[in-house]
Amino acid sequence: MPRRSTPPAPAADADASAPAARDEVSALARGLAVLRALADAPGPLSNRALADATGIPKATVSRLAATLVAGSFVQQDPDSERFQLGPALLDLSSAYLRNFDMRALCRPYLAELADRAQASVHLGLRDGLDILMIDTVRPRSAVILTRTDIGTRMDIATSASGRAYFGALSAPEREALIEDYRREAPQRWKAARDMLVRGAADVEAHGYGTSFQEWHRDINAIGFTLRGPRGELYALSCGGPAYALSPDALRTTVGPAVLSTQEAIARACGTAAGRAVS
């Protein structure tokens with residue numbers, strides 16, 4: 001919520017003549033602003049610091065904080081009287097995670113992407129040296145473009161989804177994955193390392209990975225990643241037959257659609273977009 005430099009009067013007084021329903025919505029929004037300020041702070045905050053962080057009058061912050069403390073959403077240190085998040089929020093977040101289904105959340109966005117790109121879209125997770133596809137969406141108005149389906153494995157080093165996955169890892173995680181190739185696929189680990197390094201550079205330059213007839217001689221694709229609420233990293237690809245989707249078409253038309261889809265899904269599940277780690 002924007003900070004007010006000189007609020008004319010405490011918000012509770014200003015809203016005194018408003019309908020009750022409007023008062024309740026306003027109070028809820030302000031309570032959520034207090035929770036977010038505490039979540040973003042490096043440590044417990046005083047009443048004054050909360051007022052400064054939210055732009056809410058200090059007297060109103062006191063009433064909101066008292067209500068949140070009573071519900072265990074916020075705790076107050078008895079010595080410093082500073083506030084921090086409370087255990088009731090853990091119950092709420094645990095319930096969210098228990099009922100969270102990344103596939104269900106992603107599917108409407110991936111269906112829209114498939115229709116915009118006229119390409120197949122695949123969602124996967126790492127399994128060994130592969131990305132294992134756990135969901136597939138195809139455009140409604142086109143003939144089935146590829147045989148890739150749930151359960152298909154895509155080699156991390158050669159696929160667009162795998163290269164995007166590698167590009168989103170931290171430096172130590174990248175080194176560990178390359179070491180996995182050296183140990184588990186010694187005959188091709190150097191080639192895999194070179195492809196992954198090039199793929200990571202592509203991700204850092206454009207926000208997505210690419211594979212043009214490398215994972216499969218007839219398929220071109222763009223890959224991207226998403227972070228789930230538990231921190232898990234999902235790898236995705238959007239592509240199809242090379243004769244229908246040229247590298248230039250993928251970069252100029254599909255690339256922007258992929259990035260907007262990535263951002264939309266990240267906002268929907270309240271996480272980072274899974275871009276490359278610098």
# chains A, B, ... in the order shown; residues from 1 in each chain; ligands from 1
>>> residues_around(residues="segment 123-132 of chain A", least_positions_apart="3", cutoff="10 Å", atoms="only C-alpha atoms", output="number ranges by chain")
A: 102-103, 106-107, 110, 135-137, 149-159, 161-163, 165, 177-178, 180-181, 184-185, 223-226, 232-238
>>> residues_around(residues="Arg116 of chain A", least_positions_apart="6", cutoff="12 Å", atoms="only C-alpha atoms", output="NGL selection string")
:A and (109-110 or 138-142 or 238-239 or 250 or 253-258 or 260-261)
>>> select_by_dssp(residues="segment 116-249 of chain A", states="strand (DSSP E or B)", output="MDAnalysis selection string")
chainID A and resid 120:127 130:137 153:155 209:212 219:227 233:241
>>> select_by_dssp(residues="segment 1-234 of chain A", states="helix (DSSP H, G or I)", output="ChimeraX atom specification")
/A:11-14,20-40,47-54,58-70,88-98,102-117,160-167,171-184,189-206
>>> write_last_selection(atoms="C-alpha atoms", output="mmCIF file, in the first residue's frame")
data_model
loop_
_atom_site.group_PDB
_atom_site.id
_atom_site.type_symbol
_atom_site.label_atom_id
_atom_site.label_comp_id
_atom_site.auth_asym_id
_atom_site.auth_seq_id
_atom_site.Cartn_x
_atom_site.Cartn_y
_atom_site.Cartn_z
ATOM 1 C CA ALA A 11 -8.370 6.083 8.299
ATOM 2 C CA ALA A 12 -10.812 4.623 10.819
ATOM 3 C CA ASP A 13 -12.331 8.092 11.354
ATOM 4 C CA ALA A 14 -12.467 8.829 7.631
ATOM 5 C CA ALA A 20 -20.310 -1.651 7.086
ATOM 6 C CA ALA A 21 -19.304 -3.969 4.239
ATOM 7 C CA ARG A 22 -16.895 -1.387 2.901
ATOM 8 C CA ASP A 23 -15.385 -0.935 6.386
ATOM 9 C CA GLU A 24 -14.810 -4.694 6.621
ATOM 10 C CA VAL A 25 -13.076 -4.878 3.246
ATOM 11 C CA SER A 26 -10.884 -1.889 4.131
ATOM 12 C CA ALA A 27 -9.937 -3.426 7.474
ATOM 13 C CA LEU A 28 -9.104 -6.729 5.804
ATOM 14 C CA ALA A 29 -6.895 -5.029 3.213
ATOM 15 C CA ARG A 30 -5.061 -3.140 5.940
ATOM 16 C CA GLY A 31 -4.623 -6.255 8.034
ATOM 17 C CA LEU A 32 -3.117 -8.040 5.052
ATOM 18 C CA ALA A 33 -0.807 -5.063 4.472
ATOM 19 C CA VAL A 34 0.445 -5.419 8.047
ATOM 20 C CA LEU A 35 1.101 -9.132 7.534
ATOM 21 C CA ARG A 36 2.967 -8.502 4.295
ATOM 22 C CA ALA A 37 5.098 -5.791 5.913
ATOM 23 C CA LEU A 38 6.066 -8.223 8.669
ATOM 24 C CA ALA A 39 6.815 -10.932 6.111
ATOM 25 C CA ASP A 40 9.083 -8.610 4.132
ATOM 26 C CA ASN A 47 4.154 -0.202 15.896
ATOM 27 C CA ARG A 48 5.734 2.951 14.431
ATOM 28 C CA ALA A 49 7.784 0.950 11.920
ATOM 29 C CA LEU A 50 4.645 -0.881 10.792
ATOM 30 C CA ALA A 51 2.842 2.416 10.321
ATOM 31 C CA ASP A 52 5.754 3.753 8.279
ATOM 32 C CA ALA A 53 5.977 0.576 6.178
ATOM 33 C CA THR A 54 2.269 0.419 5.360
ATOM 34 C CA LYS A 58 -0.357 4.375 13.914
ATOM 35 C CA ALA A 59 -3.579 4.134 15.941
ATOM 36 C CA THR A 60 -5.145 1.950 13.252
ATOM 37 C CA VAL A 61 -2.056 -0.244 13.124
ATOM 38 C CA SER A 62 -2.353 -0.774 16.893
ATOM 39 C CA ARG A 63 -5.940 -2.002 16.539
ATOM 40 C CA LEU A 64 -5.100 -4.235 13.576
ATOM 41 C CA ALA A 65 -2.080 -5.699 15.345
ATOM 42 C CA ALA A 66 -4.138 -6.441 18.466
ATOM 43 C CA THR A 67 -6.689 -8.334 16.366
ATOM 44 C CA LEU A 68 -3.968 -10.296 14.563
ATOM 45 C CA VAL A 69 -2.235 -11.131 17.853
ATOM 46 C CA ALA A 70 -5.520 -12.400 19.273
ATOM 47 C CA ALA A 88 -1.487 -19.472 12.688
ATOM 48 C CA LEU A 89 0.006 -18.470 9.341
ATOM 49 C CA LEU A 90 1.906 -21.760 9.257
ATOM 50 C CA ASP A 91 -1.389 -23.636 9.474
ATOM 51 C CA LEU A 92 -2.756 -21.647 6.554
ATOM 52 C CA SER A 93 0.335 -22.169 4.418
ATOM 53 C CA SER A 94 0.384 -25.886 5.224
ATOM 54 C CA ALA A 95 -3.252 -26.195 4.159
ATOM 55 C CA TYR A 96 -2.429 -24.364 0.924
ATOM 56 C CA LEU A 97 0.454 -26.714 0.168
ATOM 57 C CA ARG A 98 -1.627 -29.805 0.973
ATOM 58 C CA MET A 102 0.704 -27.331 -9.986
ATOM 59 C CA ARG A 103 -0.763 -29.110 -12.977
ATOM 60 C CA ALA A 104 -4.258 -27.854 -12.252
ATOM 61 C CA LEU A 105 -3.018 -24.306 -11.697
ATOM 62 C CA CYS A 106 -0.892 -24.281 -14.855
ATOM 63 C CA ARG A 107 -3.292 -25.975 -17.236
ATOM 64 C CA PRO A 108 -5.475 -22.939 -18.201
ATOM 65 C CA TYR A 109 -2.364 -20.834 -18.845
ATOM 66 C CA LEU A 110 -0.641 -23.599 -20.805
ATOM 67 C CA ALA A 111 -3.784 -24.189 -22.871
ATOM 68 C CA GLU A 112 -3.851 -20.509 -23.786
ATOM 69 C CA LEU A 113 -0.157 -20.647 -24.676
ATOM 70 C CA ALA A 114 -0.695 -23.743 -26.830
ATOM 71 C CA ASP A 115 -3.479 -21.999 -28.738
ATOM 72 C CA ARG A 116 -1.477 -18.783 -29.184
ATOM 73 C CA ALA A 117 1.646 -20.604 -30.319
ATOM 74 C CA ALA A 160 14.712 -27.129 -24.496
ATOM 75 C CA SER A 161 13.042 -27.888 -21.175
ATOM 76 C CA GLY A 162 16.242 -29.455 -19.833
ATOM 77 C CA ARG A 163 18.411 -26.530 -20.877
ATOM 78 C CA ALA A 164 15.955 -24.102 -19.313
ATOM 79 C CA TYR A 165 16.074 -26.201 -16.136
ATOM 80 C CA PHE A 166 19.877 -26.083 -16.085
ATOM 81 C CA GLY A 167 19.836 -22.331 -16.712
ATOM 82 C CA ALA A 171 26.178 -22.355 -9.877
ATOM 83 C CA PRO A 172 26.734 -25.209 -7.346
ATOM 84 C CA GLU A 173 23.609 -26.982 -8.616
ATOM 85 C CA ARG A 174 24.841 -26.695 -12.201
ATOM 86 C CA GLU A 175 28.193 -28.184 -11.232
ATOM 87 C CA ALA A 176 26.433 -31.044 -9.449
ATOM 88 C CA LEU A 177 24.317 -31.806 -12.519
ATOM 89 C CA ILE A 178 27.364 -31.818 -14.798
ATOM 90 C CA GLU A 179 29.049 -34.170 -12.320
ATOM 91 C CA ASP A 180 25.991 -36.436 -12.551
ATOM 92 C CA TYR A 181 26.548 -36.609 -16.314
ATOM 93 C CA ARG A 182 30.242 -37.357 -15.845
ATOM 94 C CA ARG A 183 29.434 -40.184 -13.443
ATOM 95 C CA GLU A 184 26.315 -41.653 -15.072
ATOM 96 C CA TRP A 189 29.413 -36.014 -20.442
ATOM 97 C CA LYS A 190 31.739 -33.510 -22.139
ATOM 98 C CA ALA A 191 29.314 -32.974 -25.006
ATOM 99 C CA ALA A 192 26.473 -32.655 -22.494
ATOM 100 C CA ARG A 193 28.456 -30.138 -20.452
ATOM 101 C CA ASP A 194 29.114 -27.985 -23.527
ATOM 102 C CA MET A 195 25.443 -28.073 -24.561
ATOM 103 C CA LEU A 196 24.297 -27.185 -21.052
ATOM 104 C CA VAL A 197 26.699 -24.258 -20.785
ATOM 105 C CA ARG A 198 25.473 -22.915 -24.138
ATOM 106 C CA GLY A 199 21.904 -23.510 -23.061
ATOM 107 C CA ALA A 200 22.410 -21.572 -19.828
ATOM 108 C CA ALA A 201 23.831 -18.649 -21.802
ATOM 109 C CA ASP A 202 20.707 -18.720 -23.967
ATOM 110 C CA VAL A 203 18.497 -18.652 -20.876
ATOM 111 C CA GLU A 204 20.430 -15.752 -19.385
ATOM 112 C CA ALA A 205 20.243 -13.804 -22.656
ATOM 113 C CA HIS A 206 16.602 -14.447 -23.567
#
>>> atom_distance(atom1="atom CA of Gln262 of chain A", atom2="atom CA of Asp248 of chain A")
20.3 Å
>>> atom_distance(atom1="atom CA of Ala266 of chain A", atom2="atom CA of Pro42 of chain A")
23.5 Å
